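Structure file input_3.cif (mmCIF, C-alpha atoms (C1' of nucleotides)) follows.
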data_final
#
loop_
_atom_site.group_PDB
_atom_site.id
_atom_site.type_symbol
_atom_site.label_atom_id
_atom_site.label_comp_id
_atom_site.auth_asym_id
_atom_site.auth_seq_id
_atom_site.Cartn_x
_atom_site.Cartn_y
_atom_site.Cartn_z
ATOM 1 C CA MET A 1 -1.225 4.070 1.541
ATOM 2 C CA PRO A 2 -3.752 2.862 -0.845
ATOM 3 C CA GLU A 3 -4.473 -0.787 -0.341
ATOM 4 C CA LEU A 4 -7.086 -2.777 -2.247
ATOM 5 C CA PRO A 5 -10.178 -0.931 -0.897
ATOM 6 C CA GLU A 6 -8.710 2.519 -1.569
ATOM 7 C CA VAL A 7 -7.590 1.554 -5.074
ATOM 8 C CA GLU A 8 -10.987 0.005 -5.776
ATOM 9 C CA THR A 9 -12.602 3.242 -4.612
ATOM 10 C CA MET A 10 -10.358 5.245 -6.942
ATOM 11 C CA VAL A 11 -11.257 3.003 -9.867
ATOM 12 C CA ARG A 12 -14.978 3.281 -9.174
ATOM 13 C CA GLY A 13 -14.640 7.038 -9.046
ATOM 14 C CA LEU A 14 -12.570 7.282 -12.208
ATOM 15 C CA ARG A 15 -14.507 4.835 -14.380
ATOM 16 C CA PRO A 16 -17.665 6.890 -14.996
ATOM 17 C CA VAL A 17 -15.556 9.922 -15.862
ATOM 18 C CA LEU A 18 -12.955 8.247 -18.049
ATOM 19 C CA ALA A 19 -14.564 5.219 -19.681
ATOM 20 C CA GLY A 20 -15.337 5.947 -23.309
ATOM 21 C CA ARG A 21 -13.653 9.340 -23.195
ATOM 22 C CA VAL A 22 -10.884 10.553 -25.460
ATOM 23 C CA LEU A 23 -7.684 11.695 -23.776
ATOM 24 C CA ARG A 24 -6.750 14.850 -25.614
ATOM 25 C CA ALA A 25 -3.356 14.850 -23.942
ATOM 26 C CA ALA A 26 -1.295 13.455 -21.125
ATOM 27 C CA LYS A 27 1.367 15.508 -19.414
ATOM 28 C CA VAL A 28 4.078 13.919 -17.291
ATOM 29 C CA SER A 29 5.322 16.508 -14.835
ATOM 30 C CA ASP A 30 7.607 14.134 -12.905
ATOM 31 C CA PRO A 31 9.436 11.633 -15.125
ATOM 32 C CA PHE A 32 10.979 10.130 -11.979
ATOM 33 C CA LEU A 33 7.815 8.072 -11.534
ATOM 34 C CA LEU A 34 7.937 6.535 -14.997
ATOM 35 C CA GLN A 35 8.936 2.912 -15.440
ATOM 36 C CA ASP A 36 10.284 1.485 -18.686
ATOM 37 C CA VAL A 37 9.009 4.425 -20.713
ATOM 38 C CA THR A 38 10.121 7.975 -21.401
ATOM 39 C CA ALA A 39 7.859 10.961 -20.862
ATOM 40 C CA GLU A 40 7.911 11.672 -24.594
ATOM 41 C CA GLU A 41 6.840 8.168 -25.513
ATOM 42 C CA PHE A 42 4.192 7.996 -22.793
ATOM 43 C CA GLU A 43 2.633 11.261 -23.897
ATOM 44 C CA ARG A 44 2.785 10.285 -27.564
ATOM 45 C CA ARG A 45 1.138 6.909 -26.944
ATOM 46 C CA VAL A 46 -1.675 8.370 -24.875
ATOM 47 C CA ARG A 47 -2.460 11.481 -26.916
ATOM 48 C CA GLY A 48 -5.808 11.112 -28.637
ATOM 49 C CA ALA A 49 -6.488 7.616 -27.294
ATOM 50 C CA THR A 50 -9.909 6.498 -26.092
ATOM 51 C CA VAL A 51 -10.172 4.973 -22.636
ATOM 52 C CA GLN A 52 -11.830 1.610 -23.036
ATOM 53 C CA GLY A 53 -11.765 0.483 -19.423
ATOM 54 C CA VAL A 54 -10.636 1.380 -15.922
ATOM 55 C CA ALA A 55 -9.832 -1.520 -13.650
ATOM 56 C CA ARG A 56 -7.981 -2.612 -10.539
ATOM 57 C CA ARG A 57 -5.392 -5.384 -10.364
ATOM 58 C CA GLY A 58 -4.186 -5.821 -6.795
ATOM 59 C CA LYS A 59 -3.144 -2.293 -5.845
ATOM 60 C CA TRP A 60 -2.650 -1.229 -9.468
ATOM 61 C CA VAL A 61 -4.935 1.103 -11.401
ATOM 62 C CA VAL A 62 -5.157 -0.062 -15.016
ATOM 63 C CA PHE A 63 -6.431 2.005 -17.953
ATOM 64 C CA THR A 64 -7.031 0.053 -21.133
ATOM 65 C CA LEU A 65 -6.806 2.209 -24.257
ATOM 66 C CA ALA A 66 -8.944 1.331 -27.255
ATOM 67 C CA GLY A 67 -7.540 0.532 -30.689
ATOM 68 C CA GLN A 68 -4.331 -1.189 -29.596
ATOM 69 C CA ARG A 69 -3.067 1.986 -27.991
ATOM 70 C CA GLY A 70 -1.802 0.053 -25.030
ATOM 71 C CA ILE A 71 -2.260 -0.157 -21.278
ATOM 72 C CA ILE A 72 -1.514 2.523 -18.691
ATOM 73 C CA VAL A 73 -0.638 1.257 -15.222
ATOM 74 C CA ILE A 74 -0.502 3.557 -12.211
ATOM 75 C CA GLN A 75 0.653 2.388 -8.785
ATOM 76 C CA PRO A 76 -0.311 4.908 -6.083
ATOM 77 C CA ARG A 77 1.776 3.100 -3.448
ATOM 78 C CA MET A 78 1.956 5.145 -0.221
ATOM 79 C CA THR A 79 0.762 8.621 -1.080
ATOM 80 C CA GLY A 80 -0.457 8.535 -4.663
ATOM 81 C CA GLY A 81 -4.004 9.505 -5.510
ATOM 82 C CA PHE A 82 -6.295 10.893 -8.195
ATOM 83 C CA TRP A 83 -8.164 14.185 -8.237
ATOM 84 C CA LEU A 84 -11.150 14.885 -10.402
ATOM 85 C CA VAL A 85 -12.299 18.088 -8.833
ATOM 86 C CA ALA A 86 -10.125 20.857 -7.576
ATOM 87 C CA PRO A 87 -10.584 24.583 -7.778
ATOM 88 C CA ASP A 88 -6.951 24.943 -8.758
ATOM 89 C CA ARG A 89 -4.147 22.670 -9.728
ATOM 90 C CA PRO A 90 -3.495 20.506 -6.647
ATOM 91 C CA ASP A 91 -0.086 20.063 -5.009
ATOM 92 C CA HIS A 92 2.398 17.395 -6.086
ATOM 93 C CA VAL A 93 0.879 16.747 -9.503
ATOM 94 C CA ARG A 94 2.934 14.081 -11.318
ATOM 95 C CA LEU A 95 0.666 13.328 -14.269
ATOM 96 C CA THR A 96 -2.255 15.125 -15.885
ATOM 97 C CA PHE A 97 -4.836 13.794 -18.319
ATOM 98 C CA GLU A 98 -6.798 16.310 -20.338
ATOM 99 C CA LEU A 99 -10.181 15.110 -21.555
ATOM 100 C CA ASP A 100 -11.438 15.894 -25.015
ATOM 101 C CA GLY A 101 -14.426 18.163 -25.326
ATOM 102 C CA SER A 102 -14.165 19.785 -21.911
ATOM 103 C CA ASP A 103 -11.862 21.558 -19.506
ATOM 104 C CA GLN A 104 -11.907 18.597 -17.176
ATOM 105 C CA ARG A 105 -8.608 17.179 -16.074
ATOM 106 C CA VAL A 106 -7.662 14.103 -14.123
ATOM 107 C CA TRP A 107 -4.651 14.643 -11.916
ATOM 108 C CA PHE A 108 -2.414 11.990 -10.415
ATOM 109 C CA CYS A 109 -0.668 13.440 -7.361
ATOM 110 C CA ASP A 110 1.930 11.868 -5.096
ATOM 111 C CA ASN A 111 3.889 13.862 -2.559
ATOM 112 C CA ARG A 112 6.416 11.185 -1.632
ATOM 113 C CA ARG A 113 7.090 10.229 -5.247
ATOM 114 C CA LEU A 114 7.003 6.536 -4.399
ATOM 115 C CA GLY A 115 4.230 5.888 -6.924
ATOM 116 C CA ARG A 116 4.909 4.484 -10.380
ATOM 117 C CA ILE A 117 3.531 5.148 -13.846
ATOM 118 C CA ALA A 118 3.998 2.652 -16.671
ATOM 119 C CA TRP A 119 2.778 1.935 -20.173
ATOM 120 C CA TYR A 120 2.609 -1.474 -21.837
ATOM 121 C CA PRO A 121 1.880 -2.189 -25.494
ATOM 122 C CA ASP A 122 -0.849 -4.746 -24.824
ATOM 123 C CA GLU A 123 -2.752 -6.769 -22.224
ATOM 124 C CA GLU A 124 -0.285 -9.613 -22.368
ATOM 125 C CA ALA A 125 2.683 -7.393 -21.572
ATOM 126 C CA ALA A 126 0.822 -5.744 -18.690
ATOM 127 C CA GLU A 127 -0.262 -9.127 -17.390
ATOM 128 C CA ARG A 128 3.289 -10.447 -17.528
ATOM 129 C CA ALA A 129 4.502 -7.437 -15.564
ATOM 130 C CA PHE A 130 1.790 -7.958 -12.961
ATOM 131 C CA GLY A 131 2.435 -11.681 -12.701
ATOM 132 C CA ARG A 132 6.132 -11.193 -12.044
ATOM 133 C CA SER A 133 5.386 -9.747 -8.628
ATOM 134 C CA HIS A 134 1.809 -10.712 -7.802
ATOM 135 C CA GLY A 135 -0.303 -13.701 -6.857
ATOM 136 C CA PRO A 136 -4.115 -13.958 -7.112
ATOM 137 C CA ASP A 137 -6.279 -11.015 -6.100
ATOM 138 C CA ALA A 138 -7.239 -11.021 -2.412
ATOM 139 C CA LEU A 139 -10.950 -10.890 -3.343
ATOM 140 C CA GLU A 140 -10.687 -13.855 -5.692
ATOM 141 C CA ILE A 141 -8.236 -16.303 -4.154
ATOM 142 C CA GLY A 142 -9.707 -19.698 -3.255
ATOM 143 C CA LEU A 143 -9.343 -21.382 0.125
ATOM 144 C CA ASP A 144 -7.191 -24.227 -1.148
ATOM 145 C CA ASP A 145 -4.927 -21.878 -3.079
ATOM 146 C CA LEU A 146 -4.464 -19.659 -0.044
ATOM 147 C CA ALA A 147 -3.748 -22.645 2.199
ATOM 148 C CA THR A 148 -1.150 -23.990 -0.238
ATOM 149 C CA ARG A 149 0.579 -20.640 -0.546
ATOM 150 C CA LEU A 150 0.708 -20.064 3.206
ATOM 151 C CA LYS A 151 2.145 -23.541 3.729
ATOM 152 C CA ARG A 152 5.122 -22.556 1.609
ATOM 153 C CA THR A 153 6.461 -19.829 3.905
ATOM 154 C CA ARG A 154 7.858 -19.891 7.398
ATOM 155 C CA ARG A 155 7.351 -16.183 7.912
ATOM 156 C CA GLY A 156 4.767 -14.736 10.263
ATOM 157 C CA ILE A 157 1.218 -14.682 8.961
ATOM 158 C CA LYS A 158 1.163 -10.894 8.766
ATOM 159 C CA PRO A 159 4.216 -10.486 6.512
ATOM 160 C CA ALA A 160 2.794 -13.358 4.449
ATOM 161 C CA LEU A 161 -0.579 -11.638 3.998
ATOM 162 C CA MET A 162 1.214 -8.458 2.943
ATOM 163 C CA ASP A 163 3.355 -10.301 0.395
ATOM 164 C CA GLN A 164 1.785 -9.383 -2.948
ATOM 165 C CA LYS A 165 3.334 -12.495 -4.465
ATOM 166 C CA ILE A 166 1.191 -14.657 -2.180
ATOM 167 C CA LEU A 167 -2.008 -12.688 -2.688
ATOM 168 C CA ALA A 168 -2.490 -9.197 -4.085
ATOM 169 C CA GLY A 169 -4.153 -6.256 -2.417
ATOM 170 C CA ILE A 170 -3.600 -6.447 1.336
ATOM 171 C CA GLY A 171 -1.345 -3.887 3.045
ATOM 172 C CA ASN A 172 -0.499 -2.879 6.573
ATOM 173 C CA ILE A 173 -3.921 -1.668 7.700
ATOM 174 C CA TYR A 174 -6.055 -4.499 6.400
ATOM 175 C CA ALA A 175 -3.562 -7.213 7.372
ATOM 176 C CA ASP A 176 -4.047 -6.121 10.979
ATOM 177 C CA GLU A 177 -7.825 -5.931 10.604
ATOM 178 C CA VAL A 178 -8.057 -9.350 8.942
ATOM 179 C CA LEU A 179 -5.937 -11.003 11.637
ATOM 180 C CA PHE A 180 -8.021 -9.442 14.384
ATOM 181 C CA ARG A 181 -11.207 -10.685 12.726
ATOM 182 C CA ALA A 182 -9.674 -14.139 12.405
ATOM 183 C CA GLY A 183 -8.410 -14.057 15.993
ATOM 184 C CA LEU A 184 -4.795 -14.778 15.081
ATOM 185 C CA HIS A 185 -1.537 -13.344 16.364
ATOM 186 C CA PRO A 186 0.398 -11.590 13.555
ATOM 187 C CA GLU A 187 3.594 -13.528 14.297
ATOM 188 C CA ARG A 188 2.073 -16.986 14.021
ATOM 189 C CA PRO A 189 4.217 -18.889 11.487
ATOM 190 C CA ALA A 190 2.166 -19.062 8.296
ATOM 191 C CA HIS A 191 3.061 -22.670 7.510
ATOM 192 C CA ARG A 192 1.945 -23.900 10.914
ATOM 193 C CA LEU A 193 -1.609 -22.564 10.809
ATOM 194 C CA THR A 194 -4.326 -25.200 10.985
ATOM 195 C CA ILE A 195 -6.778 -25.511 8.126
ATOM 196 C CA ALA A 196 -9.457 -24.147 10.451
ATOM 197 C CA GLU A 197 -7.349 -21.060 11.057
ATOM 198 C CA VAL A 198 -6.648 -20.573 7.352
ATOM 199 C CA ARG A 199 -10.386 -20.898 6.795
ATOM 200 C CA ARG A 200 -10.986 -18.073 9.268
ATOM 201 C CA ILE A 201 -8.468 -15.886 7.437
ATOM 202 C CA HIS A 202 -9.993 -16.747 4.093
ATOM 203 C CA ALA A 203 -13.423 -15.747 5.383
ATOM 204 C CA ALA A 204 -12.183 -12.564 7.059
ATOM 205 C CA ILE A 205 -10.386 -11.209 3.982
ATOM 206 C CA PRO A 206 -13.457 -10.467 1.827
ATOM 207 C CA GLU A 207 -15.443 -9.410 4.888
ATOM 208 C CA ILE A 208 -12.924 -6.758 5.872
ATOM 209 C CA LEU A 209 -12.097 -5.628 2.329
ATOM 210 C CA ASN A 210 -15.734 -5.323 1.292
ATOM 211 C CA GLU A 211 -16.622 -3.429 4.447
ATOM 212 C CA ALA A 212 -13.752 -1.050 3.694
ATOM 213 C CA ILE A 213 -14.814 -0.659 0.051
ATOM 214 C CA ALA A 214 -18.357 0.120 1.190
ATOM 215 C CA ALA A 215 -16.874 2.825 3.422
ATOM 216 C CA GLU A 216 -14.702 4.106 0.538
ATOM 217 C CA GLY A 217 -11.457 3.190 2.232
ATOM 218 C CA SER A 218 -9.452 4.431 5.183
ATOM 219 C CA THR A 219 -8.329 8.010 5.683
ATOM 220 C CA PHE A 220 -5.716 8.447 8.404
ATOM 221 C CA ASP A 221 -3.864 11.679 9.043
ATOM 222 C CA ARG A 222 -5.810 13.251 6.175
ATOM 223 C CA ASN A 223 -3.713 11.458 3.613
ATOM 224 C CA TYR A 224 -5.942 9.424 1.346
ATOM 225 C CA ARG A 225 -8.930 10.999 -0.385
ATOM 226 C CA THR A 226 -11.444 9.719 -2.895
ATOM 227 C CA VAL A 227 -11.230 11.180 -6.402
ATOM 228 C CA LEU A 228 -13.803 13.717 -5.275
ATOM 229 C CA GLY A 229 -11.673 14.758 -2.312
ATOM 230 C CA GLU A 230 -13.769 13.034 0.332
ATOM 231 C CA GLU A 231 -12.406 11.110 3.276
ATOM 232 C CA GLY A 232 -12.809 7.347 3.420
ATOM 233 C CA GLY A 233 -15.115 6.227 6.200
ATOM 234 C CA PHE A 234 -13.483 3.015 7.366
ATOM 235 C CA LEU A 235 -11.880 4.898 10.224
ATOM 236 C CA GLY A 236 -14.335 4.363 13.016
ATOM 237 C CA GLN A 237 -15.065 0.808 11.940
ATOM 238 C CA ASN A 238 -11.500 -0.403 12.274
ATOM 239 C CA ALA A 239 -10.879 -2.687 15.226
ATOM 240 C CA VAL A 240 -7.142 -2.390 15.784
ATOM 241 C CA TYR A 241 -5.172 -0.283 13.294
ATOM 242 C CA SER A 242 -4.018 2.990 14.883
ATOM 243 C CA ARG A 243 -5.941 2.135 18.050
ATOM 244 C CA LYS A 244 -2.955 1.774 20.392
ATOM 245 C CA GLY A 245 -4.054 1.802 24.025
ATOM 246 C CA LEU A 246 -7.748 1.951 23.173
ATOM 247 C CA PRO A 247 -10.039 -0.828 24.364
ATOM 248 C CA CYS A 248 -10.584 -3.858 22.151
ATOM 249 C CA THR A 249 -14.092 -3.695 20.716
ATOM 250 C CA VAL A 250 -14.627 -7.332 21.690
ATOM 251 C CA CYS A 251 -12.949 -7.849 25.064
ATOM 252 C CA GLY A 252 -11.970 -4.385 26.267
ATOM 253 C CA GLU A 253 -8.255 -5.175 26.552
ATOM 254 C CA ALA A 254 -5.907 -2.371 25.458
ATOM 255 C CA ILE A 255 -4.765 -2.650 21.847
ATOM 256 C CA VAL A 256 -0.992 -3.043 21.538
ATOM 257 C CA LYS A 257 1.269 -1.395 18.982
ATOM 258 C CA THR A 258 4.472 -3.197 18.096
ATOM 259 C CA ARG A 259 6.941 -3.955 15.311
ATOM 260 C CA ILE A 260 7.433 -7.479 14.121
ATOM 261 C CA ALA A 261 10.116 -9.364 12.218
ATOM 262 C CA GLY A 262 9.909 -9.170 8.460
ATOM 263 C CA LEU A 263 8.227 -5.770 8.510
ATOM 264 C CA ILE A 264 10.980 -3.403 9.567
ATOM 265 C CA GLY A 265 9.590 -0.016 10.360
ATOM 266 C CA ARG A 266 5.959 -0.897 9.870
ATOM 267 C CA PRO A 267 3.671 -0.736 12.872
ATOM 268 C CA THR A 268 1.496 -3.677 13.868
ATOM 269 C CA TYR A 269 -1.589 -3.435 16.057
ATOM 270 C CA PHE A 270 -3.366 -6.319 17.741
ATOM 271 C CA CYS A 271 -5.385 -7.319 20.788
ATOM 272 C CA PRO A 272 -3.181 -9.393 23.122
ATOM 273 C CA LYS A 273 -6.209 -11.203 24.498
ATOM 274 C CA CYS A 274 -8.205 -11.958 21.334
ATOM 275 C CA GLN A 275 -5.057 -12.722 19.315
ATOM 276 C CA ARG A 276 -2.972 -14.852 21.621
ATOM 277 C CA LYS A 277 0.257 -16.365 20.486
ATOM 278 C CA PRO A 278 0.011 -20.011 21.441
ATOM 279 C CA THR A 279 2.657 -20.975 23.960
ATOM 280 C CA ARG A 280 4.128 -24.408 24.150
ATOM 281 C CA LYS A 281 2.262 -26.734 26.397
ATOM 282 C CA ARG A 282 3.875 -26.580 29.757
ATOM 283 C CA ARG A 283 4.635 -29.789 31.556
ATOM 284 C CA LYS A 284 3.347 -30.238 35.039
ATOM 285 C CA THR A 285 6.159 -29.976 37.534
ATOM 286 C "C1'" DC B 1 16.323 -20.244 -1.823
ATOM 287 C "C1'" DG B 2 13.923 -18.039 1.950
ATOM 288 C "C1'" DG B 3 13.921 -14.522 5.176
ATOM 289 C "C1'" DT B 4 15.500 -9.946 6.698
ATOM 290 C "C1'" DT B 5 17.230 -5.356 6.138
ATOM 291 C "C1'" DA B 6 18.382 -1.000 3.807
ATOM 292 C "C1'" DC B 7 16.736 2.238 1.079
ATOM 293 C "C1'" DC B 8 13.806 4.836 -2.137
ATOM 294 C "C1'" DC B 9 11.163 9.872 -1.280
ATOM 295 C "C1'" DT B 10 8.735 13.949 1.053
ATOM 296 C "C1'" DG B 11 5.913 16.585 4.256
ATOM 297 C "C1'" DG B 12 3.409 16.790 8.446
ATOM 298 C "C1'" DA B 13 3.571 16.058 13.376
ATOM 299 C "C1'" DT B 14 6.125 16.125 17.526
ATOM 300 C "C1'" DG B 15 9.663 17.429 20.765
ATOM 301 C "C1'" DC B 16 13.262 20.416 22.680
ATOM 302 C "C1'" DT C 1 9.765 30.579 16.505
ATOM 303 C "C1'" DG C 2 13.365 27.442 14.822
ATOM 304 C "C1'" DC C 3 15.429 23.266 14.178
ATOM 305 C "C1'" DA C 4 16.075 18.273 14.764
ATOM 306 C "C1'" DT C 5 13.844 13.967 14.860
ATOM 307 C "C1'" DC C 6 10.332 10.680 13.998
ATOM 308 C "C1'" DC C 7 6.757 8.845 11.334
ATOM 309 C "C1'" DA C 8 3.862 7.074 7.329
ATOM 310 C "C1'" DG C 9 -1.093 3.174 3.850
ATOM 311 C "C1'" DG C 10 4.314 0.336 -0.504
ATOM 312 C "C1'" DG C 11 7.794 -2.097 -2.883
ATOM 313 C "C1'" DT C 12 12.371 -3.683 -4.448
ATOM 314 C "C1'" DA C 13 17.357 -4.649 -4.384
ATOM 315 C "C1'" DA C 14 20.787 -6.621 -1.875
ATOM 316 C "C1'" DC C 15 22.387 -9.194 1.755
ATOM 317 C "C1'" DC C 16 23.095 -13.292 4.910
#

What would the structure in this file look like if it were written as structure tokens?
Amino acid sequence: MPELPEVETMVRGLRPVLAGRVLRAAKVSDPFLLQDVTAEEFERRVRGATVQGVARRGKWVVFTLAGQRGIIVIQPRMTGGFWLVAPDRPDHVRLTFELDGSDQRVWFCDNRRLGRIAWYPDEEAAERAFGRSHGPDALEIGLDDLATRLKRTRRGIKPALMDQKILAGIGNIYADEVLFRAGLHPERPAHRLTIAEVRRIHAAIPEILNEAIAAEGSTFDRNYRTVLGEEGGFLGQNAVYSRKGLPCTVCGEAIVKTRIAGLIGRPTYFCPKCQRKPTRKRRKT
DNA sequence: CGGTTACCCTGGATGC
DNA sequence: TGCATCCAGGGTAACC
């Protein structure tokens, strides 16, 4: 689940606990999640290293280790998340960090095992890996850059916004929320949007994402939690996602749930009145 | 090459 | 209660 706001919330929760701390040990309990590294090597690289920084890149959580000890990358994907406090070992633990000088542990849990854990020798290697599949961060991309990138694809605007190669950080929930805020139908071809429409999207992206970050993300079906186990508060502020049949907060029309091309299996919610799909001009008969 | 689909996993919710 | 089916915030490989 975690999209940019949830990952940002995780990072903000982890940073004060991990930054500057020594990792006494790391234990990989599910090697299936590892990418390009064995459990033995991962644990050896991390053991005794000091965490220099905790950051977010798109939907990635990035731990920089001091003293050339490398970079840890964790992708929570759908159901991954971190736990700082738990009375007992939580369910579905895939990776555990033990902190030096205390009993405190940081758990990475992921019931569906879709998450990924990687280690890179340096910033450059991590950056190359990120760049292979990601464009600029959704909170940093400029208007002109966004317009240029959207011009290059004939897909619908929603699949385009969710394409991490175009811009990084937006997933299924916030794509719907951004398009509602911008007043655009999710199937509008990206390359045919007017500059005024792209401008509305570009303005809506940081609005929506920052509102969601302020609320500490979205918790649906009690899946996502902050590192302290709290629910995100964006539910209740969301305009369309998961609101099938409920009245649009702007016009009162019932929100529609559908599936659209390019996003097989993923639900899409929108207001059919506020987000009209332009029809061809009809000739007078 | 660009766009679309199949598939990777698992557990909770829903339906019969 | 038991069992089958559907569903999910993401991402990539393979296909046309």

(Q) Report as a PyMOL selection string all protein, DNA and RNA residues lying within 12 Å of DC1 in chain B, evaluated on all atoms listed in the file, omitting residues in the same chain fewer than 5 positions from it. (A) (chain A and resi 152-153) or (chain C and resi 16)

Please produce an output containing C-alpha atoms (C1' of nucleotides) for each residue in the selection, written as a short mmCIF file (atom, residue, chain, number, x, y, z; two decimals), in the coordinates of the input.
data_model
loop_
_atom_site.label_atom_id
_atom_site.label_comp_id
_atom_site.auth_asym_id
_atom_site.auth_seq_id
_atom_site.Cartn_x
_atom_site.Cartn_y
_atom_site.Cartn_z
CA ARG A 152 5.12 -22.56 1.61
CA THR A 153 6.46 -19.83 3.90
"C1'" DC C 16 23.10 -13.29 4.91
#

**Q.** Test item: chain A residues at most 8 Å from chain C, counting all atoms listed in the file, as a ChimeraX atom specification
**A.** /A:1-3,77-79,114,171-173

Compile the contact shell of range 59-75 of chain A as a PDB file with C-alpha atoms, keeping the file's coordinate frame: residues with an atom at most 8 Å away, counting all atoms listed in the file, same-chain residues fewer than 4 positions apart removed.
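File produced: selection.pdb:
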ATOM      1  CA  PRO A   2      -3.752   2.862  -0.845  1.00  0.00           C
ATOM      2  CA  GLU A   3      -4.473  -0.787  -0.341  1.00  0.00           C
ATOM      3  CA  LEU A   4      -7.086  -2.777  -2.247  1.00  0.00           C
ATOM      4  CA  VAL A   7      -7.590   1.554  -5.074  1.00  0.00           C
ATOM      5  CA  VAL A  11     -11.257   3.003  -9.867  1.00  0.00           C
ATOM      6  CA  ARG A  45       1.138   6.909 -26.944  1.00  0.00           C
ATOM      7  CA  VAL A  46      -1.675   8.370 -24.875  1.00  0.00           C
ATOM      8  CA  ALA A  49      -6.488   7.616 -27.294  1.00  0.00           C
ATOM      9  CA  THR A  50      -9.909   6.498 -26.092  1.00  0.00           C
ATOM     10  CA  VAL A  51     -10.172   4.973 -22.636  1.00  0.00           C
ATOM     11  CA  GLN A  52     -11.830   1.610 -23.036  1.00  0.00           C
ATOM     12  CA  GLY A  53     -11.765   0.483 -19.423  1.00  0.00           C
ATOM     13  CA  VAL A  54     -10.636   1.380 -15.922  1.00  0.00           C
ATOM     14  CA  ALA A  55      -9.832  -1.520 -13.650  1.00  0.00           C
ATOM     15  CA  GLY A  80      -0.457   8.535  -4.663  1.00  0.00           C
ATOM     16  CA  GLY A 115       4.230   5.888  -6.924  1.00  0.00           C
ATOM     17  CA  ARG A 116       4.909   4.484 -10.380  1.00  0.00           C
ATOM     18  CA  ILE A 117       3.531   5.148 -13.846  1.00  0.00           C
ATOM     19  CA  ALA A 118       3.998   2.652 -16.671  1.00  0.00           C
ATOM     20  CA  TRP A 119       2.778   1.935 -20.173  1.00  0.00           C
ATOM     21  CA  TYR A 120       2.609  -1.474 -21.837  1.00  0.00           C
ATOM     22  CA  PRO A 121       1.880  -2.189 -25.494  1.00  0.00           C
ATOM     23  CA  ASP A 122      -0.849  -4.746 -24.824  1.00  0.00           C
ATOM     24  CA  GLU A 123      -2.752  -6.769 -22.224  1.00  0.00           C
ATOM     25  CA  ALA A 126       0.822  -5.744 -18.690  1.00  0.00           C
ATOM     26  CA  ALA A 168      -2.490  -9.197  -4.085  1.00  0.00           C
ATOM     27  CA  GLY A 169      -4.153  -6.256  -2.417  1.00  0.00           C
TER      28      GLY A 169
END

(Q) Taking 5 positions as the minimum chain separation for residues in the same chain, which residues sit within 7 Å of range 239-254 of chain A when counting all atoms listed in the file? Answer as an MDAnalysis selection string. (A) chainID A and resid 173 176:177 269:271 273

Q | Residues of chain A within 9 Å of chain B, counting all atoms listed in the file, as a list in words | A |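 In the required form, that comes to Asn111, Arg112, Arg113, Leu114, Thr153, Arg154, Arg155, Asp221, Ala261, Gly262, Leu263 and Ile264 of chain A.
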
Q) the PyMOL selection byres ((chain A and resi 82-96) around 8) on the file shown: which residues, as a list in words? A)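 Written out, the selection comes to Met10, Leu14, Ala26, Lys27, Val28, Ser29, Asp30, Pro31, Leu33, Gly80, Gly81, Phe97, Glu98, Gln104, Arg105, Val106, Trp107, Phe108, Cys109, Asp110, Asn111, Thr226, Val227, Leu228 and Gly229 of chain A.
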
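Separating CA of Glu8 in chain A from CA of Glu124 in chain A is a distance of 22.0 Å.
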
**Q.** For CA of Gly135 in chain A and CA of Gly58 in chain A, the interatomic separation in Å (one decimal)
**A.** 8.8 Å

Q. Can you list what the PyMOL selection byres ((chain A and resi 140) around 12) grabs from this structure, as a ChimeraX atom specification?
A. /A:57-58,135-139,141-146,167-169,202-203,205-206,209

Q.
Using Å and a single decimal, report how far CA of Glu216 in chain A sits from CA of Thr9 in chain A.
A.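 About the pair CA of Thr9 in chain A and CA of Glu216 in chain A: they are 5.6 Å apart.
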
Write out as AutoDock Vina command-line options an axis-aligned box for range 4-23 of chain A: all of its atoms listed in the file, 4 Å added on each side, centre and edge lengths in Å with one decimal.
--center_x -12.4 --center_y 4.5 --center_z -13.2 --size_x 18.6 --size_y 22.5 --size_z 32.6
